[in-house]
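Enquirer: Coordinates in my_file19.cif, mmCIF, C-alpha atoms, are listed below.
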data_run
#
loop_
_atom_site.group_PDB
_atom_site.id
_atom_site.type_symbol
_atom_site.label_atom_id
_atom_site.label_comp_id
_atom_site.auth_asym_id
_atom_site.auth_seq_id
_atom_site.Cartn_x
_atom_site.Cartn_y
_atom_site.Cartn_z
ATOM 1 C CA MET A 1 0.000 0.000 0.000
ATOM 2 C CA ASP A 2 1.407 3.392 -1.052
ATOM 3 C CA GLU A 3 2.346 5.321 2.122
ATOM 4 C CA LYS A 4 1.878 8.627 0.264
ATOM 5 C CA LEU A 5 -1.902 8.145 0.272
ATOM 6 C CA ARG A 6 -2.160 7.083 3.905
ATOM 7 C CA GLU A 7 -4.418 9.354 5.939
ATOM 8 C CA LEU A 8 -2.519 10.584 8.974
ATOM 9 C CA LYS A 9 -5.363 12.004 11.049
ATOM 10 C CA GLU A 10 -5.211 11.159 14.733
ATOM 11 C CA ARG A 11 -8.309 9.328 15.963
ATOM 12 C CA GLY A 12 -9.564 10.533 19.327
ATOM 13 C CA SER A 13 -6.688 10.163 21.778
ATOM 14 C CA PHE A 14 -3.939 7.683 22.593
ATOM 15 C CA LEU A 15 -6.112 6.042 25.261
ATOM 16 C CA PHE A 16 -9.292 6.135 23.168
ATOM 17 C CA PRO A 17 -8.467 5.968 19.422
ATOM 18 C CA PHE A 18 -12.029 6.315 18.168
ATOM 19 C CA GLU A 19 -13.580 9.174 16.211
ATOM 20 C CA SER A 20 -17.062 9.854 14.887
ATOM 21 C CA TYR A 21 -17.260 12.396 12.048
ATOM 22 C CA HIS A 22 -20.496 14.243 11.304
ATOM 23 C CA THR A 23 -20.986 15.718 7.829
ATOM 24 C CA HIS A 24 -23.931 17.818 6.668
ATOM 25 C CA ASP A 25 -23.236 19.087 3.163
ATOM 26 C CA LEU A 26 -25.694 21.859 2.347
ATOM 27 C CA SER A 27 -24.039 22.894 -0.921
ATOM 28 C CA GLY A 28 -23.724 19.530 -2.649
ATOM 29 C CA ASN A 29 -19.980 20.114 -3.196
ATOM 30 C CA PHE A 30 -18.526 17.948 -0.399
ATOM 31 C CA TYR A 31 -15.429 15.983 -1.384
ATOM 32 C CA VAL A 32 -12.943 13.629 0.303
ATOM 33 C CA SER A 33 -9.810 12.871 -1.728
ATOM 34 C CA CYS A 34 -8.301 9.459 -2.460
ATOM 35 C CA HIS A 35 -6.726 7.885 0.647
ATOM 36 C CA TRP A 36 -6.460 4.789 2.842
ATOM 37 C CA HIS A 37 -5.942 4.136 6.538
ATOM 38 C CA PRO A 38 -5.290 1.099 8.746
ATOM 39 C CA ASP A 39 -8.615 1.720 10.509
ATOM 40 C CA THR A 40 -12.083 0.342 9.897
ATOM 41 C CA GLU A 41 -14.646 2.932 8.801
ATOM 42 C CA ILE A 42 -18.430 2.604 9.065
ATOM 43 C CA ILE A 43 -20.476 5.217 7.212
ATOM 44 C CA HIS A 44 -24.151 5.753 7.988
ATOM 45 C CA LEU A 45 -25.707 7.830 5.215
ATOM 46 C CA GLN A 46 -28.962 9.288 6.488
ATOM 47 C CA LYS A 47 -29.952 11.790 3.780
ATOM 48 C CA GLY A 48 -28.862 12.694 0.270
ATOM 49 C CA ALA A 49 -26.484 10.708 -1.895
ATOM 50 C CA VAL A 50 -22.743 10.242 -2.410
ATOM 51 C CA ARG A 51 -20.568 8.609 -5.028
ATOM 52 C CA LEU A 52 -18.129 6.321 -3.237
ATOM 53 C CA PHE A 53 -15.111 4.589 -4.778
ATOM 54 C CA ILE A 54 -13.539 1.656 -2.907
ATOM 55 C CA ASP A 55 -10.588 -0.255 -4.362
ATOM 56 C CA GLY A 56 -11.510 0.646 -7.916
ATOM 57 C CA GLU A 57 -15.252 -0.074 -7.572
ATOM 58 C CA SER A 58 -17.836 2.700 -7.857
ATOM 59 C CA TYR A 59 -20.972 2.831 -5.688
ATOM 60 C CA LEU A 60 -23.837 5.322 -5.733
ATOM 61 C CA ILE A 61 -24.975 5.422 -2.109
ATOM 62 C CA ASP A 62 -28.367 6.900 -1.321
ATOM 63 C CA GLU A 63 -30.067 7.664 1.984
ATOM 64 C CA GLU A 64 -30.432 5.118 4.758
ATOM 65 C CA THR A 65 -27.445 3.010 3.786
ATOM 66 C CA ILE A 66 -24.629 1.659 5.958
ATOM 67 C CA VAL A 67 -21.242 1.179 4.277
ATOM 68 C CA PHE A 68 -18.265 -0.700 5.714
ATOM 69 C CA ILE A 69 -14.757 0.225 4.563
ATOM 70 C CA ASN A 70 -12.257 -2.425 5.605
ATOM 71 C CA ARG A 71 -8.789 -1.494 6.789
ATOM 72 C CA GLU A 72 -6.306 -0.420 4.090
ATOM 73 C CA GLU A 73 -8.931 -0.134 1.340
ATOM 74 C CA LEU A 74 -8.274 2.785 -1.019
ATOM 75 C CA HIS A 75 -11.338 5.037 -1.098
ATOM 76 C CA TYR A 76 -12.703 8.495 -1.802
ATOM 77 C CA LEU A 77 -16.135 10.055 -2.093
ATOM 78 C CA TYR A 78 -18.061 13.128 -3.135
ATOM 79 C CA SER A 79 -21.651 14.249 -2.654
ATOM 80 C CA VAL A 80 -23.988 14.202 -5.623
ATOM 81 C CA GLN A 81 -26.894 15.905 -3.910
ATOM 82 C CA ALA A 82 -27.243 18.988 -1.729
ATOM 83 C CA GLY A 83 -28.271 18.299 1.853
ATOM 84 C CA THR A 84 -26.300 15.080 2.185
ATOM 85 C CA LEU A 85 -26.064 14.011 5.830
ATOM 86 C CA TYR A 86 -23.930 11.197 7.216
ATOM 87 C CA ASP A 87 -21.882 10.039 10.198
ATOM 88 C CA ALA A 88 -18.669 8.033 9.940
ATOM 89 C CA ALA A 89 -17.204 5.986 12.800
ATOM 90 C CA VAL A 90 -13.465 5.334 12.349
ATOM 91 C CA PHE A 91 -11.360 3.159 14.647
ATOM 92 C CA PRO A 92 -8.530 0.579 14.623
ATOM 93 C CA LEU A 93 -9.745 -2.990 15.120
ATOM 94 C CA GLU A 94 -7.065 -3.392 17.793
ATOM 95 C CA PHE A 95 -9.244 -0.970 19.773
ATOM 96 C CA LEU A 96 -11.645 -3.905 20.361
ATOM 97 C CA SER A 97 -8.969 -6.472 21.238
ATOM 98 C CA PHE A 98 -8.555 -8.152 24.623
ATOM 99 C CA ASP A 99 -5.369 -8.690 26.620
ATOM 100 C CA SER A 100 -6.241 -12.351 27.080
ATOM 101 C CA LEU A 101 -6.637 -14.727 24.122
ATOM 102 C CA ASP A 102 -10.254 -15.789 24.559
ATOM 103 C CA TYR A 103 -12.752 -17.286 22.095
ATOM 104 C CA CYS A 104 -13.898 -13.870 20.773
ATOM 105 C CA GLN A 105 -10.331 -12.761 20.165
ATOM 106 C CA GLN A 106 -9.263 -15.956 18.396
ATOM 107 C CA LYS A 107 -12.457 -16.628 16.412
ATOM 108 C CA TYR A 108 -13.353 -13.114 15.219
ATOM 109 C CA LEU A 109 -11.102 -10.210 16.233
ATOM 110 C CA LEU A 110 -7.731 -11.624 15.170
ATOM 111 C CA PRO A 111 -9.055 -12.800 11.741
ATOM 112 C CA LEU A 112 -10.452 -9.286 11.190
ATOM 113 C CA ILE A 113 -7.187 -7.655 12.257
ATOM 114 C CA ARG A 114 -5.210 -10.003 9.977
ATOM 115 C CA LYS A 115 -7.679 -9.333 7.125
ATOM 116 C CA GLU A 116 -8.649 -12.996 6.946
ATOM 117 C CA LEU A 117 -12.211 -11.825 7.515
ATOM 118 C CA GLY A 118 -13.843 -8.643 6.207
ATOM 119 C CA PHE A 119 -16.974 -6.634 6.885
ATOM 120 C CA PRO A 120 -19.801 -6.679 4.317
ATOM 121 C CA ARG A 121 -19.628 -3.833 1.809
ATOM 122 C CA MET A 122 -22.995 -2.327 2.715
ATOM 123 C CA LEU A 123 -26.404 -2.779 4.328
ATOM 124 C CA LYS A 124 -29.591 -1.152 3.094
ATOM 125 C CA ALA A 125 -33.081 -0.791 4.574
ATOM 126 C CA GLY A 126 -34.720 -4.203 4.596
ATOM 127 C CA ASP A 127 -31.445 -6.126 4.926
ATOM 128 C CA PRO A 128 -30.950 -8.409 7.943
ATOM 129 C CA CYS A 129 -30.083 -6.482 11.123
ATOM 130 C CA PHE A 130 -30.026 -3.133 9.266
ATOM 131 C CA ASP A 131 -32.414 -1.424 11.702
ATOM 132 C CA GLU A 132 -30.517 -2.633 14.759
ATOM 133 C CA ILE A 133 -27.116 -1.602 13.424
ATOM 134 C CA ARG A 134 -28.536 1.737 12.288
ATOM 135 C CA GLN A 135 -29.731 2.431 15.848
ATOM 136 C CA LEU A 136 -26.365 1.394 17.286
ATOM 137 C CA LEU A 137 -24.545 3.822 14.965
ATOM 138 C CA ILE A 138 -26.931 6.652 15.892
ATOM 139 C CA GLN A 139 -26.276 6.008 19.596
ATOM 140 C CA ILE A 140 -22.512 5.886 19.001
ATOM 141 C CA ALA A 141 -22.603 9.232 17.152
ATOM 142 C CA ASN A 142 -24.680 10.807 19.928
ATOM 143 C CA LEU A 143 -22.305 9.553 22.611
ATOM 144 C CA GLN A 144 -19.321 11.010 20.764
ATOM 145 C CA LYS A 145 -21.066 14.401 20.585
ATOM 146 C CA THR A 146 -22.089 14.573 24.244
ATOM 147 C CA CYS A 147 -19.057 12.854 25.840
ATOM 148 C CA THR A 148 -21.077 11.993 28.954
ATOM 149 C CA ALA A 149 -19.382 10.119 31.805
ATOM 150 C CA GLY A 150 -18.530 6.587 30.757
ATOM 151 C CA TYR A 151 -19.217 7.213 27.063
ATOM 152 C CA GLN A 152 -15.988 5.414 26.113
ATOM 153 C CA ILE A 153 -17.106 2.058 27.479
ATOM 154 C CA ALA A 154 -20.614 2.566 26.075
ATOM 155 C CA ILE A 155 -19.193 3.121 22.558
ATOM 156 C CA LYS A 156 -17.118 -0.057 22.803
ATOM 157 C CA ALA A 157 -20.155 -1.978 24.051
ATOM 158 C CA PHE A 158 -22.210 -0.790 21.061
ATOM 159 C CA LEU A 159 -19.410 -1.782 18.653
ATOM 160 C CA TYR A 160 -19.341 -5.268 20.171
ATOM 161 C CA GLN A 161 -23.125 -5.465 19.713
ATOM 162 C CA LEU A 162 -22.736 -4.383 16.096
ATOM 163 C CA LEU A 163 -20.087 -7.052 15.491
ATOM 164 C CA SER A 164 -22.245 -9.666 17.215
ATOM 165 C CA ARG A 165 -25.232 -8.965 14.948
ATOM 166 C CA LEU A 166 -23.073 -9.224 11.818
ATOM 167 C CA ILE A 167 -21.776 -12.590 13.053
ATOM 168 C CA GLN A 168 -25.276 -13.852 13.856
ATOM 169 C CA GLU A 169 -26.385 -13.041 10.315
ATOM 170 C CA ASP A 170 -23.208 -14.624 8.865
ATOM 171 C CA LEU A 171 -22.230 -11.320 7.235
ATOM 172 C CA LEU A 172 -18.507 -11.500 7.970
ATOM 173 C CA LYS A 173 -16.906 -13.007 4.886
ATOM 174 C CA ALA A 174 -13.492 -14.097 3.669
ATOM 175 C CA SER A 175 -11.272 -11.065 3.241
ATOM 176 C CA ALA A 176 -11.488 -9.029 0.088
ATOM 177 C CA ASP A 177 -7.718 -9.595 -0.189
ATOM 178 C CA GLU A 178 -8.452 -13.207 -1.138
ATOM 179 C CA ASN A 179 -11.414 -12.550 -3.425
ATOM 180 C CA ARG A 180 -10.665 -9.319 -5.285
ATOM 181 C CA GLN A 181 -12.284 -9.153 -8.702
ATOM 182 C CA TRP A 182 -10.975 -5.781 -9.742
ATOM 183 C CA ASN A 183 -7.898 -5.263 -11.863
ATOM 184 C CA ILE A 184 -4.793 -4.964 -9.675
ATOM 185 C CA LYS A 185 -2.828 -3.134 -12.352
ATOM 186 C CA LYS A 186 -5.576 -0.530 -12.765
ATOM 187 C CA LEU A 187 -5.776 0.062 -9.018
ATOM 188 C CA ASN A 188 -2.018 0.500 -8.757
ATOM 189 C CA THR A 189 -2.123 3.048 -11.584
ATOM 190 C CA MET A 190 -4.894 4.947 -9.770
ATOM 191 C CA LYS A 191 -2.778 5.014 -6.594
ATOM 192 C CA GLU A 192 0.213 6.314 -8.527
ATOM 193 C CA ILE A 193 -1.809 9.060 -10.240
ATOM 194 C CA ALA A 194 -3.437 10.198 -6.974
ATOM 195 C CA ALA A 195 -0.116 10.145 -5.097
ATOM 196 C CA TYR A 196 1.656 12.059 -7.884
ATOM 197 C CA MET A 197 -1.005 14.780 -7.955
ATOM 198 C CA GLU A 198 -0.955 15.132 -4.180
ATOM 199 C CA ALA A 199 2.845 15.376 -4.128
ATOM 200 C CA HIS A 200 2.874 18.156 -6.744
ATOM 201 C CA LEU A 201 -0.100 20.238 -5.575
ATOM 202 C CA ALA A 202 1.920 23.413 -5.130
ATOM 203 C CA GLU A 203 3.259 23.243 -8.691
ATOM 204 C CA ARG A 204 1.656 24.215 -11.988
ATOM 205 C CA LEU A 205 0.095 20.814 -12.595
ATOM 206 C CA SER A 206 -1.317 20.568 -16.105
ATOM 207 C CA LEU A 207 -3.238 17.773 -17.782
ATOM 208 C CA GLU A 208 -0.503 17.620 -20.393
ATOM 209 C CA ASP A 209 2.237 17.145 -17.792
ATOM 210 C CA VAL A 210 0.438 14.473 -15.770
ATOM 211 C CA SER A 211 -0.703 12.455 -18.796
ATOM 212 C CA ALA A 212 2.839 12.564 -20.215
ATOM 213 C CA HIS A 213 4.281 11.429 -16.871
ATOM 214 C CA PHE A 214 2.134 8.291 -17.075
ATOM 215 C CA TYR A 215 2.823 7.759 -20.791
ATOM 216 C CA MET A 216 -0.785 8.340 -21.865
ATOM 217 C CA SER A 217 -2.187 10.577 -24.558
ATOM 218 C CA GLN A 218 -4.230 13.496 -23.222
ATOM 219 C CA ASN A 219 -7.465 12.152 -24.719
ATOM 220 C CA TYR A 220 -6.941 8.671 -23.285
ATOM 221 C CA PHE A 221 -5.888 10.071 -19.902
ATOM 222 C CA CYS A 222 -9.048 12.236 -19.714
ATOM 223 C CA LYS A 223 -11.268 9.242 -20.388
ATOM 224 C CA TYR A 224 -9.298 7.015 -18.016
ATOM 225 C CA PHE A 225 -9.416 9.607 -15.239
ATOM 226 C CA LYS A 226 -13.156 10.271 -15.609
ATOM 227 C CA GLN A 227 -13.963 6.561 -15.678
ATOM 228 C CA ASN A 228 -11.884 5.614 -12.638
ATOM 229 C CA PHE A 229 -12.063 8.739 -10.470
ATOM 230 C CA GLY A 230 -15.652 9.608 -11.291
ATOM 231 C CA THR A 231 -14.843 13.233 -12.068
ATOM 232 C CA GLY A 232 -12.686 15.292 -14.438
ATOM 233 C CA PHE A 233 -8.990 15.978 -13.917
ATOM 234 C CA THR A 234 -9.407 19.709 -13.195
ATOM 235 C CA SER A 235 -12.292 19.162 -10.782
ATOM 236 C CA TYR A 236 -10.336 16.503 -8.861
ATOM 237 C CA LEU A 237 -7.227 18.685 -8.734
ATOM 238 C CA ASN A 238 -9.162 21.724 -7.481
ATOM 239 C CA ASN A 239 -10.873 19.673 -4.781
ATOM 240 C CA LEU A 240 -7.535 18.201 -3.721
ATOM 241 C CA ARG A 241 -6.053 21.697 -3.444
ATOM 242 C CA LEU A 242 -9.059 23.006 -1.532
ATOM 243 C CA GLU A 243 -8.786 20.107 0.897
ATOM 244 C CA GLN A 244 -5.137 20.985 1.521
ATOM 245 C CA ALA A 245 -6.135 24.635 1.956
ATOM 246 C CA CYS A 246 -8.495 23.614 4.765
ATOM 247 C CA VAL A 247 -5.622 21.801 6.496
ATOM 248 C CA LEU A 248 -3.369 24.870 6.258
ATOM 249 C CA LEU A 249 -6.128 27.181 7.468
ATOM 250 C CA GLU A 250 -6.610 24.972 10.517
ATOM 251 C CA LYS A 251 -3.015 24.031 11.314
ATOM 252 C CA THR A 252 -1.089 27.213 10.431
ATOM 253 C CA ASP A 253 -1.277 30.993 10.742
ATOM 254 C CA LEU A 254 -0.251 31.566 7.136
ATOM 255 C CA PRO A 255 -1.892 34.545 5.389
ATOM 256 C CA ILE A 256 -4.780 33.533 3.135
ATOM 257 C CA MET A 257 -2.869 34.484 -0.005
ATOM 258 C CA GLU A 258 0.090 32.312 1.054
ATOM 259 C CA VAL A 259 -2.291 29.397 1.665
ATOM 260 C CA SER A 260 -3.601 29.893 -1.851
ATOM 261 C CA LEU A 261 -0.093 29.822 -3.347
ATOM 262 C CA GLN A 262 1.072 26.807 -1.340
ATOM 263 C CA CYS A 263 -1.944 24.868 -2.601
ATOM 264 C CA GLY A 264 -1.130 25.667 -6.228
ATOM 265 C CA PHE A 265 -3.663 28.444 -6.900
ATOM 266 C CA GLU A 266 -1.906 31.174 -8.843
ATOM 267 C CA ASN A 267 -5.091 33.238 -9.169
ATOM 268 C CA PHE A 268 -6.128 34.420 -5.695
ATOM 269 C CA SER A 269 -9.639 35.476 -6.769
ATOM 270 C CA TYR A 270 -10.219 32.079 -8.350
ATOM 271 C CA PHE A 271 -9.172 30.384 -5.084
ATOM 272 C CA ILE A 272 -11.600 32.521 -3.043
ATOM 273 C CA ARG A 273 -14.424 31.835 -5.483
ATOM 274 C CA LEU A 274 -13.867 28.049 -5.493
ATOM 275 C CA PHE A 275 -13.484 27.913 -1.715
ATOM 276 C CA LYS A 276 -16.706 29.828 -1.156
ATOM 277 C CA ARG A 277 -18.559 27.625 -3.638
ATOM 278 C CA LEU A 278 -17.431 24.515 -1.747
ATOM 279 C CA HIS A 279 -17.816 25.684 1.853
ATOM 280 C CA GLY A 280 -20.309 28.521 1.553
ATOM 281 C CA ILE A 281 -17.955 30.953 3.321
ATOM 282 C CA THR A 282 -14.629 32.664 2.615
ATOM 283 C CA PRO A 283 -11.313 31.143 3.790
ATOM 284 C CA SER A 284 -10.947 33.775 6.530
ATOM 285 C CA ALA A 285 -14.462 33.066 7.814
ATOM 286 C CA TYR A 286 -13.705 29.336 7.685
ATOM 287 C CA ARG A 287 -10.589 29.848 9.837
ATOM 288 C CA LYS A 288 -12.566 31.898 12.397
ATOM 289 C CA LYS A 289 -15.271 29.216 12.497
ATOM 290 C CA LEU A 290 -12.652 26.541 13.160
ATOM 291 C CA ALA A 291 -11.170 28.558 16.008
ATOM 292 C CA VAL A 292 -14.576 28.964 17.666
ATOM 293 C CA SER A 293 -15.555 25.299 17.325
ATOM 294 C CA SER A 294 -12.133 24.128 18.526
ATOM 295 C CA SER A 295 -12.356 26.165 21.717
ATOM 296 C CA ALA A 296 -15.830 24.774 22.439
ATOM 297 C CA LYS A 297 -15.076 21.114 21.638
ATOM 298 C CA PRO A 298 -14.419 18.746 24.585
ATOM 299 C CA GLU A 299 -11.135 16.865 24.589
ATOM 300 C CA PRO A 300 -11.720 13.440 22.950
ATOM 301 C CA GLY A 301 -11.041 10.469 25.163
ATOM 302 C CA SER A 302 -10.659 12.640 28.269
ATOM 303 C CA PHE A 303 -11.736 11.413 31.677
#
So that I can check it, write out the structure of this file as structure tokens.
Expert:
Amino acid sequence: MDEKLRELKERGSFLFPFESYHTHDLSGNFYVSCHWHPDTEIIHLQKGAVRLFIDGESYLIDEETIVFINREELHYLYSVQAGTLYDAAVFPLEFLSFDSLDYCQQKYLLPLIRKELGFPRMLKAGDPCFDEIRQLLIQIANLQKTCTAGYQIAIKAFLYQLLSRLIQEDLLKASADENRQWNIKKLNTMKEIAAYMEAHLAERLSLEDVSAHFYMSQNYFCKYFKQNFGTGFTSYLNNLRLEQACVLLEKTDLPIMEVSLQCGFENFSYFIRLFKRLHGITPSAYRKKLAVSSSAKPEPGSF
């Protein structure tokens, strides 16, 4: 797995490496770039629709769907409808392990950690145990928001219940590593393209340059990119740069114009216009909003 595409976000805290992310996309422009992580991710889409790509496969996910992303699977998504609402629980499977080697550890947790077993790709309304797992995910998201006393053990208890219901319905299957149907060569090329674009964000990155780097004609590269990334080259590049801009706005005190330049936007007005279209506010307003929410947010995993 290409380390360049590994997501490096810290989950919760050292003592409680769990995070629940809440997304409500009012504009219909939400985007998460191509990445992977060693954690399991469970997405509960409640409203709207997203296009989700996992290991080279494309899925159109509509409301009231639960999606499981197994550890180390390459994935990215974007909203295709304004008003999209979803929660994502992300955690390492080791988080559920026991110190002692009991039946649960040996039969289920270790095979999941070793990728001998995998979670089902998705559950939809009407599928076995969908309603129960949906309620468990709602309770987990609520606990993460409120951080009431003992919420850490309650979240783990709900995750064990979720795993138990999947086992009861025989929904844990042989790992995707052993049964992949997609083209390995194509997936590796996608990883290389995404990693190359991310590594050269601050440069003048043209379609001509990138297609030539991968020994493809511009016409073929355009078709290949659209087919496998679900969007055009320029749109993907702009979203990737805007995502990096958000990181710099949160993590640094760089002037807005310097953020724009470091993310590869040579035209400052164009950067402001794209940013506002995506987030509904200017970069400076976005930075102020982050500062306010950060000061009000409880410390994750604190006691």
Enquirer: Sorted by chain and rising residue number, list the residues of stretch 179-215 of chain A at most 12 Å from stretch 240-259 of chain A (counting only C-alpha atoms), each with its closest atom pair and distance in Å to one decimal, as a Markdown table.
Expert:
| residue | atom | partner | partner_atom | distance |
| --- | --- | --- | --- | --- |
| A:Ala194 | CA | A:Leu240 | CA | 9.6 |
| A:Ala195 | CA | A:Leu240 | CA | 11.0 |
| A:Tyr196 | CA | A:Leu240 | CA | 11.8 |
| A:Met197 | CA | A:Leu240 | CA | 8.5 |
| A:Glu198 | CA | A:Leu240 | CA | 7.3 |
| A:Ala199 | CA | A:Leu240 | CA | 10.8 |
| A:His200 | CA | A:Arg241 | CA | 10.2 |
| A:Leu201 | CA | A:Arg241 | CA | 6.5 |
| A:Ala202 | CA | A:Arg241 | CA | 8.3 |
| A:Glu203 | CA | A:Arg241 | CA | 10.8 |
| A:Arg204 | CA | A:Arg241 | CA | 11.8 |
| A:Leu205 | CA | A:Arg241 | CA | 11.1 |
Enquirer: Please write as a ChimeraX atom specification the full residue list that the PyMOL selection byres ((chain A and resi 277-285) around 9) yields on this file.
Expert: /A:25-31,239,242,245-246,249,256,272-276,286-290
Enquirer: Could you tell me which of A:Ala141, A:Leu163, A:Leu96, A:Ile133 comes closest to A:Tyr21 if we count all atoms listed in the file?
Expert: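 Of the candidates, the smallest distance to A:Tyr21 is held by A:Ala141.
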Enquirer: Can you list, as a PyMOL selection string, the residues that the PyMOL selection byres ((chain A and resi 230-232) around 12) selects here?
Expert: chain A and resi 31+33-34+50-54+56-60+75-80+190+207+219+221-229+233-239
Enquirer: What is the atom CA of A:Ser20-atom CA of A:Ile155 distance in Å, reported with one decimal?
Expert: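 Those two atoms sit 10.4 Å apart.
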Enquirer: Could you list the residues chosen by the PyMOL selection byres ((chain A and resi 41) around 9) in this structure as a ChimeraX atom specification?
Expert: /A:39-40,42-43,67-71,88-92
Enquirer: Please report the interatomic distance between atom CA of A:Leu136 and atom CA of A:Gln161 in Å with one decimal.
Expert: 8.0 Å
Enquirer: Hey, can you pull every residue with an atom no more than 12 Å from (-23.8, 6.1, 18.6), using only C-alpha atoms, and send it as a PyMOL selection string?
Expert: chain A and resi 18-22+42-44+87-89+132-147+151-159+161-162
Enquirer: So, with all atoms listed in the file as the atoms that count, which of A:Leu166, A:Phe95, A:Leu45, A:Val32 lies closest to A:Ser13?
Expert: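 When distances to A:Ser13 are compared using all atoms listed in the file, the smallest one comes from A:Phe95.
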Enquirer: If I take atom CA of A:Leu74 and atom CA of A:Thr189, how far is one from the other in Å, to one decimal?
Expert: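 Computed distance, atom CA of A:Leu74 to atom CA of A:Thr189, equals 12.2 Å.
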Enquirer: Draw an axis-aligned box tight on the listed atoms of stretch 272-275 of chain A, then pad every side by 6 Å and write out centre and edge lengths in Å to one decimal as AutoDock Vina command-line options.
Expert:
--center_x -13.0 --center_y 30.2 --center_z -3.6 --size_x 14.8 --size_y 16.6 --size_z 15.8
Enquirer: Report as a PyMOL selection string all protein, DNA and RNA residues lying within 8 Å of A:Leu117, evaluated on all atoms listed in the file, omitting residues in the same chain fewer than 2 positions from it.
Expert: chain A and resi 108+111-112+114-115+119+172-176
Enquirer: Mind checking which residues fall within 8 Å of A:Thr65, counting all atoms listed in the file, ignoring those fewer than 6 positions away in the same chain, and posting them as a PyMOL selection string?
Expert: chain A and resi 44-46+122-125
